[in-house]
Amino acid sequence: MTDPAPRPLLYSYRRCPYAMRARMALLQAGRPFDVVEIGLRDKPAAMLAISPKGTVPVLQLPDGQVLEESWDIMRWAWAGHDPDGWWSRGQTEDNLALVRVNDGEFKRHLDRYKYPDRYPSELLPREAHRSAAVSCLLVPLEARLQRQPYLGGVNPCASDLAIFPFVRQLAGVEPAWFAELQMPALKAWLQGWLASGLFAVCMTKLVPHAKQPSPAERRT
Ligand SMILES: N[C@@H](CCC(=O)N[C@@H](CS)C(=O)NCC(=O)O)C(=O)O
């Protein structure tokens, strides 16, 4: 009997939105991988040895290459085999601009809104960060999603996966406030992702051997 092919190893944290986007991309692309679920307060020495910056996700490839940015892991997931076009549809200027806002300005406001205690020298009240998060990302997202069901158009794409875990986080801080937002297209989009098979598989305990989704689950 021959040994099975070595699989990439993903250091992950279940609730981290960056790790979610990486897991969903690997699952959607049908890439087998193993997962190490880490604790943010107790990071494994093996992970810090290959990625001293200490953030998840980190993907260690069998050839020794290490990917330590979620977007790079997503790119790798679909590199050379993107039959459903998830990566390519995510590469429009509009989509890339939204991902940049998400990872930059929006994330900055989200953190200050969600974890005000971590920013004791912050001068603005947390509600100001909540409003800024809405203006910089949710407003343009709502406008886009009123015209099309996904950022990828009629089909989803990498940018949908890259952004919705962060919108989920914002929505979870004060659900009653979020429920009052007049953003029907954004809410339908978020609900669709939260109910999707892909998200369900990504949030199951993927350790130690990743369950691979069925073709139906891979579609959304
Ligand atoms: N730019 C990185 C950011 C990853 C990141 O910040 N992950 C958080 C968890 S959500 C983390 O690992 N933080 C380190 C810590 O809290 O110690 C990426 O896209 O992968």
# chains A, B, ... in the order shown; residues from 1 in each chain; ligands from 1
>>> closest_atom_pairs(of="chain A", to="ligand 1", cutoff="10 Å", atoms="only C-alpha atoms and all ligand atoms", output="CSV")
residue,atom,partner,partner_atom_place_in_ligand_line,distance
A:Tyr11,CA,ligand 1,12 (O),9.8
A:Ser12,CA,ligand 1,12 (O),8.4
A:Tyr13,CA,ligand 1,9 (C),7.1
A:Arg14,CA,ligand 1,10 (S),9.1
A:Arg15,CA,ligand 1,10 (S),7.2
A:Cys16,CA,ligand 1,10 (S),3.8
A:Pro17,CA,ligand 1,10 (S),5.7
A:Tyr18,CA,ligand 1,20 (O),5.3
A:Ala19,CA,ligand 1,10 (S),6.9
A:Met20,CA,ligand 1,10 (S),9.0
A:Arg21,CA,ligand 1,19 (O),9.0
A:Ala22,CA,ligand 1,20 (O),8.3
A:Ile38,CA,ligand 1,12 (O),9.5
A:Gly39,CA,ligand 1,17 (O),8.8
A:Leu40,CA,ligand 1,17 (O),5.1
A:Arg41,CA,ligand 1,17 (O),6.7
A:Asp42,CA,ligand 1,17 (O),8.9
A:Lys43,CA,ligand 1,17 (O),8.2
A:Lys53,CA,ligand 1,14 (C),8.2
A:Gly54,CA,ligand 1,14 (C),5.9
A:Thr55,CA,ligand 1,12 (O),3.1
A:Val56,CA,ligand 1,12 (O),4.0
A:Pro57,CA,ligand 1,20 (O),5.3
A:Val58,CA,ligand 1,20 (O),7.3
A:Leu59,CA,ligand 1,20 (O),10.0
A:Leu67,CA,ligand 1,20 (O),8.9
A:Glu68,CA,ligand 1,20 (O),6.0
A:Glu69,CA,ligand 1,20 (O),3.7
A:Ser70,CA,ligand 1,20 (O),3.8
A:Trp71,CA,ligand 1,19 (O),5.9
A:Asp72,CA,ligand 1,19 (O),8.0
A:Ile73,CA,ligand 1,20 (O),8.4
A:Met74,CA,ligand 1,19 (O),9.9
A:Asp103,CA,ligand 1,19 (O),7.7
A:Gly104,CA,ligand 1,1 (N),9.7
A:Lys107,CA,ligand 1,6 (O),9.9
A:Ala162,CA,ligand 1,19 (O),9.4
A:Phe166,CA,ligand 1,10 (S),9.7
>>> residues_around(residues="Phe106 of chain A", least_positions_apart="3", cutoff="8 Å", atoms="only C-alpha atoms", output="short mmCIF file (atom, residue, chain, number, x, y, z; two decimals) with N, CA and C atoms, in the first residue's frame")
data_model
loop_
_atom_site.label_atom_id
_atom_site.label_comp_id
_atom_site.auth_asym_id
_atom_site.auth_seq_id
_atom_site.Cartn_x
_atom_site.Cartn_y
_atom_site.Cartn_z
N VAL A 101 -11.48 47.79 1.23
CA VAL A 101 -12.20 48.56 2.26
C VAL A 101 -12.51 47.65 3.45
N ASN A 102 -12.96 46.43 3.15
CA ASN A 102 -13.29 45.49 4.22
C ASN A 102 -12.09 45.25 5.14
N ASP A 103 -10.96 44.94 4.51
CA ASP A 103 -9.78 44.55 5.30
C ASP A 103 -9.11 45.76 5.96
N HIS A 109 -12.82 50.03 11.99
CA HIS A 109 -14.00 50.50 12.72
C HIS A 109 -14.69 49.35 13.46
N LEU A 110 -14.76 48.21 12.82
CA LEU A 110 -15.40 47.04 13.45
C LEU A 110 -14.71 46.72 14.78
N ALA A 132 -19.44 54.63 11.00
CA ALA A 132 -18.41 54.67 9.95
C ALA A 132 -18.31 53.33 9.24
N ALA A 133 -18.48 52.25 10.01
CA ALA A 133 -18.43 50.91 9.39
C ALA A 133 -19.58 50.75 8.39
N CYS A 136 -18.77 53.06 5.22
CA CYS A 136 -17.66 52.72 4.31
C CYS A 136 -17.90 51.41 3.57
N LEU A 137 -18.60 50.46 4.18
CA LEU A 137 -18.75 49.16 3.51
C LEU A 137 -20.21 48.76 3.27
#
>>> select_by_dssp(residues="segment 40-207 of chain A", states="strand (DSSP E)", output="MDAnalysis selection string")
chainID A and resid 58:60 66:67
>>> write_last_selection(atoms="C-alpha atoms", output="compact mmCIF listing (two decimals), in the first residue's frame")
# COMPACT_ATOMS: atom_id res chain seq x y z
CA VAL A 58 -1.54 29.95 8.06
CA LEU A 59 -1.30 27.29 5.38
CA GLN A 60 1.75 25.04 5.27
CA VAL A 66 4.03 28.84 3.89
CA LEU A 67 1.08 31.14 3.13
>>> residues_around(residues="Val134 of chain A", least_positions_apart="2", cutoff="12 Å", atoms="only C-alpha atoms", output="ChimeraX atom specification")
/A:101-102,105-107,109-110,113,127-132,136-142,167,170-171,177-178,181-183,186
>>> atom_distance(atom1="atom CA of Gln91 of chain A", atom2="atom CA of Ala77 of chain A")
14.6 Å
>>> select_by_dssp(residues="segment 54-116 of chain A", states="helix (DSSP H, G or I)", output="compact mmCIF listing (two decimals) with N, CA and C atoms, in the first residue's frame")
# COMPACT_ATOMS: atom_id res chain seq x y z
N SER A 70 -4.68 35.40 4.52
CA SER A 70 -5.88 34.69 4.09
C SER A 70 -6.15 34.83 2.59
N TRP A 71 -5.93 36.03 2.06
CA TRP A 71 -6.20 36.25 0.63
C TRP A 71 -5.25 35.41 -0.22
N ASP A 72 -4.01 35.23 0.24
CA ASP A 72 -3.05 34.38 -0.50
C ASP A 72 -3.49 32.92 -0.46
N ILE A 73 -4.06 32.52 0.67
CA ILE A 73 -4.56 31.14 0.77
C ILE A 73 -5.73 30.94 -0.20
N MET A 74 -6.60 31.96 -0.28
CA MET A 74 -7.72 31.87 -1.22
C MET A 74 -7.20 31.78 -2.65
N ARG A 75 -6.23 32.62 -2.97
CA ARG A 75 -5.65 32.58 -4.33
C ARG A 75 -5.09 31.20 -4.63
N TRP A 76 -4.35 30.65 -3.66
CA TRP A 76 -3.75 29.33 -3.85
C TRP A 76 -4.84 28.26 -4.05
N ALA A 77 -5.93 28.39 -3.29
CA ALA A 77 -6.99 27.37 -3.36
C ALA A 77 -7.48 27.18 -4.79
N TRP A 78 -7.64 28.29 -5.50
CA TRP A 78 -8.21 28.19 -6.85
C TRP A 78 -7.15 28.25 -7.94
N TRP A 86 -14.87 31.09 -9.32
CA TRP A 86 -15.00 31.86 -8.06
C TRP A 86 -13.88 32.86 -7.90
N TRP A 87 -12.65 32.46 -8.22
CA TRP A 87 -11.53 33.39 -8.06
C TRP A 87 -11.60 34.47 -9.14
N SER A 88 -11.79 34.06 -10.38
CA SER A 88 -11.73 35.04 -11.48
C SER A 88 -12.83 36.09 -11.34
N ARG A 89 -14.03 35.68 -10.94
CA ARG A 89 -15.10 36.67 -10.77
C ARG A 89 -14.80 37.66 -9.64
N GLU A 93 -12.23 45.20 -10.60
CA GLU A 93 -11.77 46.36 -9.82
C GLU A 93 -12.74 46.67 -8.68
N ASP A 94 -14.05 46.61 -8.97
CA ASP A 94 -15.06 46.89 -7.94
C ASP A 94 -14.95 45.93 -6.76
N ASN A 95 -14.80 44.65 -7.09
CA ASN A 95 -14.73 43.65 -6.02
C ASN A 95 -13.45 43.79 -5.21
N LEU A 96 -12.35 44.01 -5.90
CA LEU A 96 -11.08 44.15 -5.17
C LEU A 96 -11.12 45.39 -4.28
N ALA A 97 -11.77 46.45 -4.77
CA ALA A 97 -11.87 47.67 -3.96
C ALA A 97 -12.69 47.40 -2.69
N LEU A 98 -13.77 46.63 -2.82
CA LEU A 98 -14.58 46.31 -1.63
C LEU A 98 -13.79 45.47 -0.63
N VAL A 99 -13.01 44.53 -1.12
CA VAL A 99 -12.21 43.70 -0.20
C VAL A 99 -11.16 44.58 0.50
N ARG A 100 -10.59 45.54 -0.23
CA ARG A 100 -9.62 46.45 0.40
C ARG A 100 -10.29 47.27 1.50
N VAL A 101 -11.48 47.79 1.23
CA VAL A 101 -12.20 48.56 2.26
C VAL A 101 -12.51 47.65 3.45
N ASN A 102 -12.96 46.43 3.15
CA ASN A 102 -13.29 45.49 4.22
C ASN A 102 -12.09 45.25 5.14
N ASP A 103 -10.96 44.94 4.51
CA ASP A 103 -9.78 44.55 5.30
C ASP A 103 -9.11 45.76 5.96
N GLY A 104 -9.40 46.95 5.46
CA GLY A 104 -8.76 48.15 5.98
C GLY A 104 -9.69 48.95 6.86
N GLU A 105 -10.34 49.93 6.24
CA GLU A 105 -11.17 50.88 6.99
C GLU A 105 -12.28 50.19 7.81
N PHE A 106 -12.99 49.27 7.15
CA PHE A 106 -14.11 48.62 7.85
C PHE A 106 -13.63 47.83 9.06
N LYS A 107 -12.57 47.04 8.87
CA LYS A 107 -12.07 46.21 9.98
C LYS A 107 -11.61 47.08 11.13
N ARG A 108 -11.02 48.21 10.80
CA ARG A 108 -10.55 49.14 11.83
C ARG A 108 -11.74 49.62 12.68
N HIS A 109 -12.82 50.03 11.99
CA HIS A 109 -14.00 50.50 12.72
C HIS A 109 -14.69 49.35 13.46
N LEU A 110 -14.76 48.21 12.82
CA LEU A 110 -15.40 47.04 13.45
C LEU A 110 -14.71 46.72 14.78
N ASP A 111 -13.40 46.69 14.78
CA ASP A 111 -12.67 46.37 16.01
C ASP A 111 -12.95 47.38 17.11
N ARG A 112 -13.00 48.65 16.73
CA ARG A 112 -13.22 49.70 17.75
C ARG A 112 -14.67 49.72 18.24
N TYR A 113 -15.57 49.27 17.42
CA TYR A 113 -16.98 49.14 17.81
C TYR A 113 -17.18 47.90 18.67
N LYS A 114 -16.59 46.78 18.24
CA LYS A 114 -16.83 45.51 18.92
C LYS A 114 -16.03 45.38 20.22
N PRO A 116 -14.39 47.99 22.34
CA PRO A 116 -13.95 49.32 22.77
C PRO A 116 -12.91 49.26 23.90
>>> atom_distance(atom1="atom CA of Arg7 of chain A", atom2="atom CA of Trp193 of chain A")
27.2 Å
>>> decode(residues="segment 20-159 of chain A", atoms="C-alpha atoms", output="PDB file, in the first residue's frame")
ATOM      1  CA  MET A  20     -13.326  31.362   7.710  1.00  0.00           C
ATOM      2  CA  ARG A  21     -12.663  32.822   4.277  1.00  0.00           C
ATOM      3  CA  ALA A  22      -9.586  30.624   3.869  1.00  0.00           C
ATOM      4  CA  ARG A  23     -11.435  27.460   4.955  1.00  0.00           C
ATOM      5  CA  MET A  24     -14.377  28.181   2.660  1.00  0.00           C
ATOM      6  CA  ALA A  25     -12.089  28.802  -0.315  1.00  0.00           C
ATOM      7  CA  LEU A  26     -10.210  25.530   0.265  1.00  0.00           C
ATOM      8  CA  LEU A  27     -13.499  23.659   0.661  1.00  0.00           C
ATOM      9  CA  GLN A  28     -15.134  25.233  -2.384  1.00  0.00           C
ATOM     10  CA  ALA A  29     -12.064  24.543  -4.510  1.00  0.00           C
ATOM     11  CA  GLY A  30     -12.143  20.919  -3.377  1.00  0.00           C
ATOM     12  CA  ARG A  31      -8.621  21.047  -1.935  1.00  0.00           C
ATOM     13  CA  PRO A  32      -8.041  18.372   0.676  1.00  0.00           C
ATOM     14  CA  PHE A  33      -6.383  19.783   3.795  1.00  0.00           C
ATOM     15  CA  ASP A  34      -5.844  19.062   7.451  1.00  0.00           C
ATOM     16  CA  VAL A  35      -6.640  21.566  10.157  1.00  0.00           C
ATOM     17  CA  VAL A  36      -5.035  22.484  13.439  1.00  0.00           C
ATOM     18  CA  GLU A  37      -7.487  24.506  15.535  1.00  0.00           C
ATOM     19  CA  ILE A  38      -5.399  26.861  17.633  1.00  0.00           C
ATOM     20  CA  GLY A  39      -6.077  28.968  20.703  1.00  0.00           C
ATOM     21  CA  LEU A  40      -5.164  32.623  20.181  1.00  0.00           C
ATOM     22  CA  ARG A  41      -3.689  32.736  23.700  1.00  0.00           C
ATOM     23  CA  ASP A  42      -1.772  29.522  23.283  1.00  0.00           C
ATOM     24  CA  LYS A  43      -0.357  29.359  19.778  1.00  0.00           C
ATOM     25  CA  PRO A  44       1.430  26.165  18.814  1.00  0.00           C
ATOM     26  CA  ALA A  45       5.227  26.432  18.631  1.00  0.00           C
ATOM     27  CA  ALA A  46       5.123  24.637  15.267  1.00  0.00           C
ATOM     28  CA  MET A  47       2.965  27.430  13.845  1.00  0.00           C
ATOM     29  CA  LEU A  48       5.100  30.244  15.268  1.00  0.00           C
ATOM     30  CA  ALA A  49       8.198  28.527  13.889  1.00  0.00           C
ATOM     31  CA  ILE A  50       6.883  28.834  10.324  1.00  0.00           C
ATOM     32  CA  SER A  51       4.988  32.117  10.812  1.00  0.00           C
ATOM     33  CA  PRO A  52       6.410  34.263  13.622  1.00  0.00           C
ATOM     34  CA  LYS A  53       3.823  37.030  13.094  1.00  0.00           C
ATOM     35  CA  GLY A  54       1.400  34.727  14.873  1.00  0.00           C
ATOM     36  CA  THR A  55      -1.869  35.334  13.027  1.00  0.00           C
ATOM     37  CA  VAL A  56      -4.245  32.763  11.590  1.00  0.00           C
ATOM     38  CA  PRO A  57      -4.877  31.438   9.051  1.00  0.00           C
ATOM     39  CA  VAL A  58      -1.536  29.946   8.061  1.00  0.00           C
ATOM     40  CA  LEU A  59      -1.301  27.288   5.375  1.00  0.00           C
ATOM     41  CA  GLN A  60       1.754  25.044   5.269  1.00  0.00           C
ATOM     42  CA  LEU A  61       2.110  23.292   1.923  1.00  0.00           C
ATOM     43  CA  PRO A  62       3.693  19.858   1.555  1.00  0.00           C
ATOM     44  CA  ASP A  63       6.641  21.416  -0.348  1.00  0.00           C
ATOM     45  CA  GLY A  64       7.412  23.594   2.686  1.00  0.00           C
ATOM     46  CA  GLN A  65       5.946  26.816   1.297  1.00  0.00           C
ATOM     47  CA  VAL A  66       4.028  28.835   3.892  1.00  0.00           C
ATOM     48  CA  LEU A  67       1.079  31.137   3.134  1.00  0.00           C
ATOM     49  CA  GLU A  68       0.329  33.446   6.027  1.00  0.00           C
ATOM     50  CA  GLU A  69      -2.289  35.800   4.566  1.00  0.00           C
ATOM     51  CA  SER A  70      -5.885  34.685   4.090  1.00  0.00           C
ATOM     52  CA  TRP A  71      -6.202  36.250   0.632  1.00  0.00           C
ATOM     53  CA  ASP A  72      -3.047  34.381  -0.496  1.00  0.00           C
ATOM     54  CA  ILE A  73      -4.562  31.135   0.766  1.00  0.00           C
ATOM     55  CA  MET A  74      -7.725  31.870  -1.217  1.00  0.00           C
ATOM     56  CA  ARG A  75      -5.654  32.583  -4.331  1.00  0.00           C
ATOM     57  CA  TRP A  76      -3.752  29.325  -3.851  1.00  0.00           C
ATOM     58  CA  ALA A  77      -6.992  27.372  -3.357  1.00  0.00           C
ATOM     59  CA  TRP A  78      -8.206  28.188  -6.853  1.00  0.00           C
ATOM     60  CA  ALA A  79      -4.825  28.573  -8.580  1.00  0.00           C
ATOM     61  CA  GLY A  80      -4.781  26.521 -11.741  1.00  0.00           C
ATOM     62  CA  HIS A  81      -8.221  25.035 -11.149  1.00  0.00           C
ATOM     63  CA  ASP A  82     -11.080  27.430 -10.870  1.00  0.00           C
ATOM     64  CA  PRO A  83     -13.728  25.604 -12.914  1.00  0.00           C
ATOM     65  CA  ASP A  84     -16.618  27.516 -11.356  1.00  0.00           C
ATOM     66  CA  GLY A  85     -14.889  30.893 -11.761  1.00  0.00           C
ATOM     67  CA  TRP A  86     -15.001  31.857  -8.065  1.00  0.00           C
ATOM     68  CA  TRP A  87     -11.534  33.390  -8.062  1.00  0.00           C
ATOM     69  CA  SER A  88     -11.729  35.037 -11.477  1.00  0.00           C
ATOM     70  CA  ARG A  89     -15.098  36.673 -10.768  1.00  0.00           C
ATOM     71  CA  GLY A  90     -13.613  38.132  -7.603  1.00  0.00           C
ATOM     72  CA  GLN A  91     -10.916  39.998  -9.507  1.00  0.00           C
ATOM     73  CA  THR A  92     -12.924  42.904 -10.902  1.00  0.00           C
ATOM     74  CA  GLU A  93     -11.769  46.362  -9.822  1.00  0.00           C
ATOM     75  CA  ASP A  94     -15.060  46.890  -7.939  1.00  0.00           C
ATOM     76  CA  ASN A  95     -14.732  43.651  -6.016  1.00  0.00           C
ATOM     77  CA  LEU A  96     -11.081  44.147  -5.170  1.00  0.00           C
ATOM     78  CA  ALA A  97     -11.873  47.671  -3.964  1.00  0.00           C
ATOM     79  CA  LEU A  98     -14.585  46.307  -1.627  1.00  0.00           C
ATOM     80  CA  VAL A  99     -12.206  43.702  -0.203  1.00  0.00           C
ATOM     81  CA  ARG A 100      -9.620  46.448   0.404  1.00  0.00           C
ATOM     82  CA  VAL A 101     -12.197  48.558   2.264  1.00  0.00           C
ATOM     83  CA  ASN A 102     -13.290  45.487   4.223  1.00  0.00           C
ATOM     84  CA  ASP A 103      -9.783  44.554   5.303  1.00  0.00           C
ATOM     85  CA  GLY A 104      -8.757  48.149   5.978  1.00  0.00           C
ATOM     86  CA  GLU A 105     -11.170  50.879   6.994  1.00  0.00           C
ATOM     87  CA  PHE A 106     -14.114  48.615   7.848  1.00  0.00           C
ATOM     88  CA  LYS A 107     -12.072  46.206   9.977  1.00  0.00           C
ATOM     89  CA  ARG A 108     -10.547  49.136  11.833  1.00  0.00           C
ATOM     90  CA  HIS A 109     -14.000  50.501  12.722  1.00  0.00           C
ATOM     91  CA  LEU A 110     -15.401  47.038  13.449  1.00  0.00           C
ATOM     92  CA  ASP A 111     -12.672  46.366  16.013  1.00  0.00           C
ATOM     93  CA  ARG A 112     -13.215  49.699  17.747  1.00  0.00           C
ATOM     94  CA  TYR A 113     -16.978  49.144  17.811  1.00  0.00           C
ATOM     95  CA  LYS A 114     -16.829  45.507  18.923  1.00  0.00           C
ATOM     96  CA  TYR A 115     -13.944  45.747  21.378  1.00  0.00           C
ATOM     97  CA  PRO A 116     -13.946  49.319  22.767  1.00  0.00           C
ATOM     98  CA  ASP A 117     -12.036  48.135  25.857  1.00  0.00           C
ATOM     99  CA  ARG A 118      -9.053  47.280  23.694  1.00  0.00           C
ATOM    100  CA  TYR A 119      -8.728  50.911  22.573  1.00  0.00           C
ATOM    101  CA  PRO A 120      -8.628  52.949  25.786  1.00  0.00           C
ATOM    102  CA  SER A 121      -7.067  56.006  24.112  1.00  0.00           C
ATOM    103  CA  GLU A 122      -9.741  56.060  21.396  1.00  0.00           C
ATOM    104  CA  LEU A 123     -11.462  59.450  21.324  1.00  0.00           C
ATOM    105  CA  LEU A 124     -14.568  58.581  19.308  1.00  0.00           C
ATOM    106  CA  PRO A 125     -17.484  56.748  20.930  1.00  0.00           C
ATOM    107  CA  ARG A 126     -18.076  53.218  19.691  1.00  0.00           C
ATOM    108  CA  GLU A 127     -21.298  54.310  17.962  1.00  0.00           C
ATOM    109  CA  ALA A 128     -19.212  56.590  15.737  1.00  0.00           C
ATOM    110  CA  HIS A 129     -17.217  53.566  14.620  1.00  0.00           C
ATOM    111  CA  ARG A 130     -20.436  51.644  14.043  1.00  0.00           C
ATOM    112  CA  SER A 131     -21.718  54.451  11.794  1.00  0.00           C
ATOM    113  CA  ALA A 132     -18.407  54.675   9.954  1.00  0.00           C
ATOM    114  CA  ALA A 133     -18.427  50.908   9.388  1.00  0.00           C
ATOM    115  CA  VAL A 134     -21.900  51.193   7.861  1.00  0.00           C
ATOM    116  CA  SER A 135     -20.928  54.098   5.610  1.00  0.00           C
ATOM    117  CA  CYS A 136     -17.660  52.718   4.309  1.00  0.00           C
ATOM    118  CA  LEU A 137     -18.754  49.157   3.512  1.00  0.00           C
ATOM    119  CA  LEU A 138     -22.409  48.343   4.133  1.00  0.00           C
ATOM    120  CA  VAL A 139     -23.756  51.239   2.069  1.00  0.00           C
ATOM    121  CA  PRO A 140     -21.757  50.344  -1.073  1.00  0.00           C
ATOM    122  CA  LEU A 141     -22.500  46.647  -0.497  1.00  0.00           C
ATOM    123  CA  GLU A 142     -26.237  47.306  -0.299  1.00  0.00           C
ATOM    124  CA  ALA A 143     -26.078  49.313  -3.536  1.00  0.00           C
ATOM    125  CA  ARG A 144     -24.245  46.498  -5.335  1.00  0.00           C
ATOM    126  CA  LEU A 145     -26.462  43.754  -3.948  1.00  0.00           C
ATOM    127  CA  GLN A 146     -29.644  45.575  -4.947  1.00  0.00           C
ATOM    128  CA  ARG A 147     -28.484  45.045  -8.540  1.00  0.00           C
ATOM    129  CA  GLN A 148     -27.177  41.477  -8.242  1.00  0.00           C
ATOM    130  CA  PRO A 149     -27.494  38.619  -5.743  1.00  0.00           C
ATOM    131  CA  TYR A 150     -23.738  38.165  -5.254  1.00  0.00           C
ATOM    132  CA  LEU A 151     -20.621  40.261  -5.671  1.00  0.00           C
ATOM    133  CA  GLY A 152     -19.796  37.749  -8.385  1.00  0.00           C
ATOM    134  CA  GLY A 153     -23.023  38.691 -10.219  1.00  0.00           C
ATOM    135  CA  VAL A 154     -25.556  35.899 -10.559  1.00  0.00           C
ATOM    136  CA  ASN A 155     -22.988  33.521  -9.073  1.00  0.00           C
ATOM    137  CA  PRO A 156     -20.859  33.874  -5.947  1.00  0.00           C
ATOM    138  CA  CYS A 157     -17.156  34.630  -5.954  1.00  0.00           C
ATOM    139  CA  ALA A 158     -14.071  34.937  -3.769  1.00  0.00           C
ATOM    140  CA  SER A 159     -15.013  38.486  -2.769  1.00  0.00           C
TER     141      SER A 159
END
